[in-house]
file run-v3.txt (compact mmCIF, C-alpha atoms and all ligand atoms)
# COMPACT_ATOMS: atom_id res chain seq x y z
CA MET A 226 -14.89 -7.04 -3.64
CA ARG A 227 -12.62 -4.99 -5.89
CA LEU A 228 -11.11 -2.45 -3.60
CA MET A 229 -8.53 0.27 -4.07
CA LEU A 230 -6.57 1.80 -1.19
CA LEU A 231 -5.62 5.41 -1.70
CA GLY A 232 -3.94 6.90 1.35
CA ALA A 233 -0.68 8.69 1.99
CA PRO A 234 2.45 6.67 2.74
CA GLY A 235 2.61 5.70 6.40
CA VAL A 236 -1.09 5.56 7.22
CA GLY A 237 -0.97 1.80 7.62
CA LYS A 238 -2.53 0.91 4.29
CA GLY A 239 -0.40 -2.16 3.73
CA SER A 240 -1.07 -3.75 7.12
CA GLN A 241 -4.79 -3.07 6.91
CA ALA A 242 -4.84 -4.37 3.33
CA THR A 243 -3.34 -7.67 4.51
CA LEU A 244 -6.22 -8.15 6.97
CA ILE A 245 -8.91 -7.12 4.52
CA ALA A 246 -7.48 -9.48 1.92
CA LYS A 247 -7.55 -12.30 4.43
CA ALA A 248 -11.13 -11.54 5.48
CA LEU A 249 -12.29 -11.46 1.87
CA SER A 250 -10.00 -14.26 0.61
CA VAL A 251 -8.79 -12.13 -2.26
CA PRO A 252 -5.22 -11.28 -3.29
CA HIS A 253 -3.47 -8.23 -1.83
CA ILE A 254 -1.64 -6.54 -4.67
CA SER A 255 0.94 -4.10 -3.33
CA THR A 256 3.22 -2.52 -5.91
CA GLY A 257 5.60 -1.49 -3.11
CA ASP A 258 5.89 -5.13 -1.95
CA ILE A 259 6.37 -6.30 -5.55
CA PHE A 260 9.18 -3.79 -6.08
CA ARG A 261 10.85 -4.70 -2.77
CA TYR A 262 10.70 -8.37 -3.75
CA HIS A 263 12.41 -7.57 -7.06
CA ILE A 264 15.02 -5.43 -5.31
CA ALA A 265 15.79 -8.19 -2.81
CA ASN A 266 16.26 -10.62 -5.70
CA SER A 267 18.23 -8.14 -7.85
CA THR A 268 16.06 -8.67 -10.91
CA ASP A 269 16.27 -6.20 -13.83
CA LEU A 270 13.11 -4.52 -12.62
CA GLY A 271 14.46 -4.39 -9.07
CA ILE A 272 17.72 -2.77 -10.14
CA LYS A 273 15.83 -0.12 -12.11
CA ALA A 274 13.16 0.51 -9.45
CA LYS A 275 15.64 0.79 -6.59
CA GLN A 276 17.15 4.11 -7.69
CA TYR A 277 13.75 5.81 -7.68
CA ILE A 278 12.44 4.24 -4.47
CA GLU A 279 15.57 5.18 -2.53
CA LYS A 280 15.07 8.81 -3.43
CA GLY A 281 11.38 8.80 -2.53
CA SER A 282 10.37 9.30 -6.17
CA LEU A 283 7.82 7.23 -7.98
CA VAL A 284 8.99 4.40 -10.18
CA PRO A 285 8.22 5.45 -13.78
CA ASP A 286 4.79 4.44 -15.05
CA GLU A 287 6.27 2.31 -17.87
CA LEU A 288 7.83 -0.01 -15.29
CA THR A 289 4.81 -0.06 -13.01
CA VAL A 290 1.73 -0.51 -15.15
CA GLU A 291 2.84 -3.75 -16.77
CA ILE A 292 3.35 -5.65 -13.52
CA VAL A 293 -0.08 -4.61 -12.31
CA GLY A 294 -1.70 -5.44 -15.65
CA ASP A 295 -0.18 -8.92 -15.61
CA ARG A 296 -1.16 -9.48 -12.00
CA LEU A 297 -4.81 -8.46 -12.44
CA LYS A 298 -5.19 -10.86 -15.36
CA GLN A 299 -4.33 -13.87 -13.20
CA ASP A 300 -7.09 -16.26 -12.20
CA ASP A 301 -6.97 -15.56 -8.46
CA CYS A 302 -8.16 -12.00 -9.12
CA LYS A 303 -11.44 -13.23 -10.59
CA ASN A 304 -13.35 -12.89 -7.32
CA GLY A 305 -11.83 -9.60 -6.34
CA PHE A 306 -8.58 -8.02 -5.23
CA ILE A 307 -7.14 -5.25 -3.12
CA LEU A 308 -4.98 -2.74 -4.92
CA ASP A 309 -2.55 -1.16 -2.50
CA GLY A 310 -0.25 1.57 -3.80
CA PHE A 311 -1.54 1.54 -7.35
CA PRO A 312 -2.53 3.74 -9.07
CA ARG A 313 -0.47 6.66 -7.83
CA THR A 314 -0.66 8.93 -10.85
CA ILE A 315 -3.45 9.95 -13.24
CA GLN A 316 -1.62 8.17 -16.05
CA GLN A 317 -1.65 4.93 -14.03
CA ALA A 318 -5.36 5.39 -13.34
CA VAL A 319 -6.08 5.79 -17.05
CA PHE A 320 -4.14 2.61 -17.71
CA LEU A 321 -6.02 0.79 -14.96
CA ASP A 322 -9.32 1.88 -16.52
CA GLU A 323 -8.25 0.17 -19.74
CA ILE A 324 -7.30 -3.08 -18.02
CA LEU A 325 -10.56 -3.18 -16.07
CA LYS A 326 -12.51 -2.44 -19.24
CA ASP A 327 -10.73 -5.32 -21.02
CA LEU A 328 -11.57 -7.61 -18.13
CA ASN A 329 -15.12 -6.27 -18.08
CA ILE A 330 -15.02 -5.40 -14.39
CA GLN A 331 -15.29 -2.27 -12.25
CA LEU A 332 -13.91 -1.10 -8.94
CA ASP A 333 -16.41 -1.33 -6.10
CA GLU A 334 -14.92 1.08 -3.62
CA ILE A 335 -11.95 3.23 -2.73
CA LEU A 336 -10.75 3.18 0.86
CA ASN A 337 -8.87 6.26 2.00
CA ILE A 338 -7.10 6.01 5.35
CA THR A 339 -6.34 9.53 6.54
CA LEU A 340 -3.66 10.95 8.82
CA ASP A 341 -2.01 14.37 9.17
CA ASP A 342 1.47 14.79 7.71
CA ARG A 343 3.21 15.33 11.03
CA SER A 344 1.96 12.03 12.45
CA ILE A 345 2.95 10.34 9.21
CA VAL A 346 6.55 11.49 9.58
CA ASN A 347 6.58 10.18 13.17
CA ARG A 348 5.16 6.86 12.17
CA LEU A 349 7.42 6.28 9.21
CA SER A 350 10.62 7.26 10.95
CA GLY A 351 9.90 4.67 13.67
CA ARG A 352 8.69 2.00 11.28
CA ARG A 353 10.56 -1.28 10.93
CA ILE A 354 9.63 -4.14 8.65
CA CYS A 355 10.38 -7.79 8.35
CA PRO A 356 12.17 -8.29 5.01
CA GLN A 357 11.01 -11.91 4.97
CA CYS A 358 7.24 -11.73 5.63
CA ASN A 359 6.64 -7.96 5.26
CA PHE A 360 5.09 -7.65 8.72
CA VAL A 361 5.27 -4.06 9.96
CA TYR A 362 6.48 -2.87 13.36
CA HIS A 363 7.01 0.49 15.05
CA ILE A 364 9.83 1.02 17.55
CA GLU A 365 7.49 2.69 20.07
CA ASP A 366 3.90 1.89 19.13
CA LYS A 367 4.27 -1.69 17.99
CA PRO A 368 7.64 -3.20 18.91
CA PRO A 369 8.30 -6.89 18.30
CA LYS A 370 8.17 -9.19 21.31
CA TYR A 371 11.93 -9.76 21.22
CA ASP A 372 14.10 -6.80 20.33
CA GLY A 373 14.89 -6.58 16.63
CA VAL A 374 13.35 -9.85 15.44
CA CYS A 375 10.06 -10.57 13.70
CA ASP A 376 7.38 -12.20 15.90
CA LYS A 377 6.11 -14.21 12.97
CA CYS A 378 9.25 -15.64 11.40
CA ASN A 379 12.26 -14.70 13.59
CA THR A 380 13.98 -12.73 10.84
CA ALA A 381 15.91 -9.59 11.85
CA ILE A 382 13.67 -6.60 11.21
CA ILE A 383 15.03 -3.61 9.26
CA GLN A 384 14.33 0.01 8.46
CA ARG A 385 13.30 0.56 4.86
CA ASP A 386 15.81 2.72 2.93
CA ASP A 387 13.01 5.11 2.06
CA ASP A 388 11.94 5.56 5.70
CA LYS A 389 14.75 8.05 6.38
CA GLU A 390 13.39 11.47 7.32
CA GLU A 391 14.30 13.46 4.20
CA THR A 392 12.98 10.70 1.96
CA ILE A 393 9.73 10.60 3.93
CA ILE A 394 9.19 14.32 3.33
CA LYS A 395 9.85 13.82 -0.37
CA ARG A 396 7.35 10.93 -0.52
CA LEU A 397 4.68 13.09 1.12
CA GLU A 398 5.27 15.83 -1.45
CA VAL A 399 4.98 13.30 -4.24
CA TYR A 400 1.76 11.99 -2.69
CA HIS A 401 0.15 15.43 -2.47
CA LYS A 402 1.18 16.40 -5.97
CA GLN A 403 0.73 13.20 -7.95
CA THR A 404 -1.66 10.94 -6.05
CA VAL A 405 -4.17 13.29 -4.39
CA PRO A 406 -5.58 14.31 -7.83
CA LEU A 407 -6.90 10.73 -8.10
CA PHE A 408 -9.68 11.52 -5.61
CA GLU A 409 -11.07 14.01 -8.10
CA TYR A 410 -10.47 11.59 -10.97
CA TYR A 411 -12.64 8.90 -9.35
CA SER A 412 -15.15 11.21 -7.68
CA ASP A 413 -18.00 10.57 -10.11
CA THR A 414 -17.48 6.87 -10.72
CA VAL A 415 -16.28 5.05 -7.60
CA LYS A 416 -17.64 5.17 -4.06
CA LEU A 417 -15.14 6.65 -1.58
CA VAL A 418 -14.91 5.52 2.04
CA ASN A 419 -12.79 7.63 4.42
CA VAL A 420 -11.41 6.23 7.66
CA GLU A 421 -9.23 8.19 10.05
CA SER A 422 -6.12 6.29 11.10
CA ASN A 423 -6.09 5.73 14.84
CA LYS A 424 -2.93 5.55 16.92
CA LEU A 425 -3.99 2.03 17.82
CA PHE A 426 -3.71 -0.27 14.86
CA GLU A 427 -6.54 -2.53 16.05
CA VAL A 428 -8.91 0.43 16.38
CA THR A 429 -8.19 1.45 12.79
CA THR A 430 -8.85 -2.12 11.70
CA LYS A 431 -12.26 -2.04 13.42
CA LEU A 432 -13.13 1.26 11.76
CA VAL A 433 -12.00 -0.05 8.39
CA PHE A 434 -13.96 -3.29 8.73
CA ASN A 435 -17.08 -1.38 9.79
CA ALA A 436 -16.71 1.07 6.95
CA LEU A 437 -16.40 -1.79 4.47
CA ARG A 438 -19.15 -3.78 6.20
CA LEU A 439 -16.87 -6.79 6.76
CA GLU A 440 -17.05 -9.42 9.47
CA ASN A 441 -14.15 -9.09 11.86
CA VAL A 442 -11.35 -11.65 11.71
CA THR A 443 -8.88 -12.67 14.41
CA LEU A 444 -6.40 -9.87 14.34
CA ASN A 445 -3.35 -11.70 15.58
CA GLY A 446 -3.64 -14.74 13.30
P1 LIG B 1 4.37 3.78 0.92
O1 LIG B 1 2.89 3.72 0.67
O2 LIG B 1 4.72 3.70 2.36
O3 LIG B 1 5.07 4.88 0.18
P2 LIG B 1 4.86 1.51 -0.80
O4 LIG B 1 5.43 0.25 -0.32
O5 LIG B 1 3.47 1.53 -1.31
O6 LIG B 1 5.06 2.50 0.41
O7 LIG B 1 5.80 2.13 -1.94
C1 LIG B 1 7.17 2.30 -1.76
C2 LIG B 1 7.79 2.98 -2.96
O8 LIG B 1 7.63 2.14 -4.12
C3 LIG B 1 7.16 4.32 -3.37
O9 LIG B 1 7.68 5.41 -2.64
C4 LIG B 1 7.49 4.37 -4.84
O10 LIG B 1 8.84 4.76 -5.05
C5 LIG B 1 7.38 2.93 -5.27
N1 LIG B 1 6.01 2.63 -5.78
C6 LIG B 1 5.08 1.84 -5.20
N2 LIG B 1 3.95 1.82 -5.92
C7 LIG B 1 4.17 2.63 -7.00
C8 LIG B 1 3.38 3.04 -8.11
N3 LIG B 1 2.11 2.64 -8.29
N4 LIG B 1 3.95 3.87 -9.01
C9 LIG B 1 5.21 4.32 -8.88
N5 LIG B 1 6.00 3.98 -7.85
C10 LIG B 1 5.50 3.15 -6.91
ZN ZN B 2 8.66 -11.92 9.49

call {"tool": "encode", "arguments": {"input": "run-v3.txt", "output": "structure tokens"}}
result
Amino acid sequence: MRLMLLGAPGVGKGSQATLIAKALSVPHISTGDIFRYHIANSTDLGIKAKQYIEKGSLVPDELTVEIVGDRLKQDDCKNGFILDGFPRTIQQAVFLDEILKDLNIQLDEILNITLDDRSIVNRLSGRRICPQCNFVYHIEDKPPKYDGVCDKCNTAIIQRDDDKEETIIKRLEVYHKQTVPLFEYYSDTVKLVNVESNKLFEVTTKLVFNALRLENVTLNG
């Protein structure tokens, strides 16, 4: 399946995408994760991207489209992929159309996980992530077993720089202004599936898997 995730920041797209990717055995392509990897390794791209991400702005399209183009052309994307966090602007969508046309493939579905803005702010301000394995926690709703360390790999979990309250509000504005128009852009060509984000992560996963007609996988694996 060639799936695109198009929800606001903080709805749990990334974590759900990881499970869907596992269930389908296809790569999970997250531009946010790619940028964070480059930032952690201080690459040229990372140094450039960091200044935008910190402010809650989008990384310019010139820096973004190429990494996605290169990634989609790799062999492991032949049987499908999950695009998480790309495209985020109409210009990126136009570029994606060109890549898909070159590869002679089409998107199958768009998954939109929905949540109201107030809940998003709550979720993101309590979010913590593992910088090593990208696993996502929440200080109240989903704390790690031992305070401050990742259940999966024992690394100290951190708050993302862009999960500070004023940056969260900026990211939501950017989402409404620049990304929401994509629903209209794809409305005639790609099937849209909406799933409301539940407070319980596992419930959202069930709803997502049902909506995408997938077999369930072990959720704690
Ligand atoms: P979230 O969905 O929670 O905002 P992501 O990890 O998807 O988190 O993205 C984090 C940040 O990385 C974004 O706020 C943005 O600055 C940058 N980013 C990610 N994907 C893109 C993209 N397709 N275009 C421009 N910037 C992006
Ligand atoms: Zn970890």

call {"tool": "residues_near_ligand", "arguments": {"input": "run-v3.txt", "ligand": "ligand ZN 2 (chain B)", "cutoff": "8 Å", "atoms": "all atoms listed in the file", "output": "PyMOL selection string"}}
result
chain A and resi 354-360+374-382

call {"tool": "residues_near_ligand", "arguments": {"input": "run-v3.txt", "ligand": "ligand LIG 1 (chain B)", "cutoff": "7 Å", "atoms": "all atoms listed in the file", "output": "ChimeraX atom specification"}}
result
/A:233-235,255-258,260,277-278,281-286,289,309-313,396

call {"tool": "closest_residue", "arguments": {"input": "run-v3.txt", "among": "A:Thr430, A:Lys416, A:Asn435, A:Asp388", "to": "Lys280 (chain A)", "atoms": "all atoms listed in the file"}}
result
A:Asp388

call {"tool": "closest_residue", "arguments": {"input": "run-v3.txt", "among": "A:Asn266, A:Ser240, A:Gln317, A:Gln276", "to": "Val293 (chain A)", "atoms": "all atoms listed in the file"}}
result
A:Gln317

call {"tool": "atom_distance", "arguments": {"input": "run-v3.txt", "atom1": "CA of Ile335 (chain A)", "atom2": "CA of Val399 (chain A)"}}
result
19.8 Å

call {"tool": "atom_distance", "arguments": {"input": "run-v3.txt", "atom1": "CA of Leu437 (chain A)", "atom2": "CA of Arg261 (chain A)"}}
result
28.3 Å

call {"tool": "decode", "arguments": {"input": "run-v3.txt", "residues": "region 286-367 of chain A", "atoms": "C-alpha atoms", "output": "tab-separated table (two decimals), in the first residue's frame"}}
result
chain	number	residue	atom	x	y	z
A	286	ASP	CA	10.76	23.10	0.04
A	287	GLU	CA	14.14	23.13	-1.76
A	288	LEU	CA	15.71	21.29	1.17
A	289	THR	CA	12.81	18.92	1.68
A	290	VAL	CA	11.73	17.63	-1.70
A	291	GLU	CA	15.10	16.21	-2.67
A	292	ILE	CA	15.44	13.93	0.34
A	293	VAL	CA	11.97	12.53	-0.24
A	294	GLY	CA	12.58	12.11	-3.97
A	295	ASP	CA	15.77	10.17	-3.31
A	296	ARG	CA	14.12	8.05	-0.66
A	297	LEU	CA	11.11	7.07	-2.80
A	298	LYS	CA	13.40	5.93	-5.60
A	299	GLN	CA	15.07	3.32	-3.40
A	300	ASP	CA	14.27	-0.33	-3.95
A	301	ASP	CA	12.55	-0.94	-0.62
A	302	CYS	CA	9.76	1.44	-1.65
A	303	LYS	CA	8.78	-0.78	-4.57
A	304	ASN	CA	6.04	-2.58	-2.65
A	305	GLY	CA	4.70	0.48	-0.94
A	306	PHE	CA	5.58	3.08	1.67
A	307	ILE	CA	4.09	5.32	4.30
A	308	LEU	CA	4.70	9.01	3.87
A	309	ASP	CA	4.52	10.75	7.22
A	310	GLY	CA	4.91	14.53	7.30
A	311	PHE	CA	5.33	14.98	3.58
A	312	PRO	CA	3.91	16.75	1.66
A	313	ARG	CA	3.08	19.72	3.84
A	314	THR	CA	2.65	22.39	1.19
A	315	ILE	CA	0.96	22.49	-2.22
A	316	GLN	CA	4.36	22.97	-3.83
A	317	GLN	CA	5.61	19.76	-2.19
A	318	ALA	CA	2.49	17.94	-3.39
A	319	VAL	CA	3.10	19.08	-6.96
A	320	PHE	CA	6.66	17.82	-6.69
A	321	LEU	CA	5.47	14.50	-5.28
A	322	ASP	CA	3.07	14.13	-8.21
A	323	GLU	CA	6.05	14.40	-10.55
A	324	ILE	CA	8.09	11.79	-8.70
A	325	LEU	CA	5.17	9.36	-8.60
A	326	LYS	CA	4.53	9.93	-12.28
A	327	ASP	CA	8.20	9.19	-13.07
A	328	LEU	CA	7.97	6.01	-11.03
A	329	ASN	CA	4.66	5.18	-12.68
A	330	ILE	CA	2.83	4.72	-9.38
A	331	GLN	CA	-0.07	6.33	-7.55
A	332	LEU	CA	-1.05	6.90	-3.94
A	333	ASP	CA	-3.69	4.47	-2.70
A	334	GLU	CA	-5.05	6.35	0.27
A	335	ILE	CA	-4.65	9.31	2.57
A	336	LEU	CA	-5.09	8.74	6.28
A	337	ASN	CA	-6.11	11.78	8.30
A	338	ILE	CA	-5.95	11.42	12.07
A	339	THR	CA	-8.03	14.20	13.59
A	340	LEU	CA	-7.88	15.99	16.94
A	341	ASP	CA	-8.98	19.43	18.16
A	342	ASP	CA	-6.29	22.07	18.61
A	343	ARG	CA	-6.63	22.34	22.37
A	344	SER	CA	-5.98	18.62	22.88
A	345	ILE	CA	-3.06	18.87	20.49
A	346	VAL	CA	-1.40	21.55	22.61
A	347	ASN	CA	-1.89	19.37	25.71
A	348	ARG	CA	-0.45	16.34	24.03
A	349	LEU	CA	2.57	18.04	22.54
A	350	SER	CA	3.54	19.93	25.66
A	351	GLY	CA	3.65	16.64	27.59
A	352	ARG	CA	5.34	14.68	24.83
A	353	ARG	CA	8.80	13.21	25.33
A	354	ILE	CA	10.75	11.22	22.79
A	355	CYS	CA	13.64	8.84	22.77
A	356	PRO	CA	16.42	10.48	20.72
A	357	GLN	CA	17.86	7.04	20.00
A	358	CYS	CA	14.90	4.97	18.75
A	359	ASN	CA	12.28	7.74	18.25
A	360	PHE	CA	9.74	6.04	20.52
A	361	VAL	CA	7.19	8.55	21.80
A	362	TYR	CA	6.05	9.01	25.40
A	363	HIS	CA	3.72	11.39	27.24
A	364	ILE	CA	4.43	12.48	30.82
A	365	GLU	CA	0.86	11.73	31.93
A	366	ASP	CA	-0.80	9.51	29.33
A	367	LYS	CA	2.09	7.27	28.40
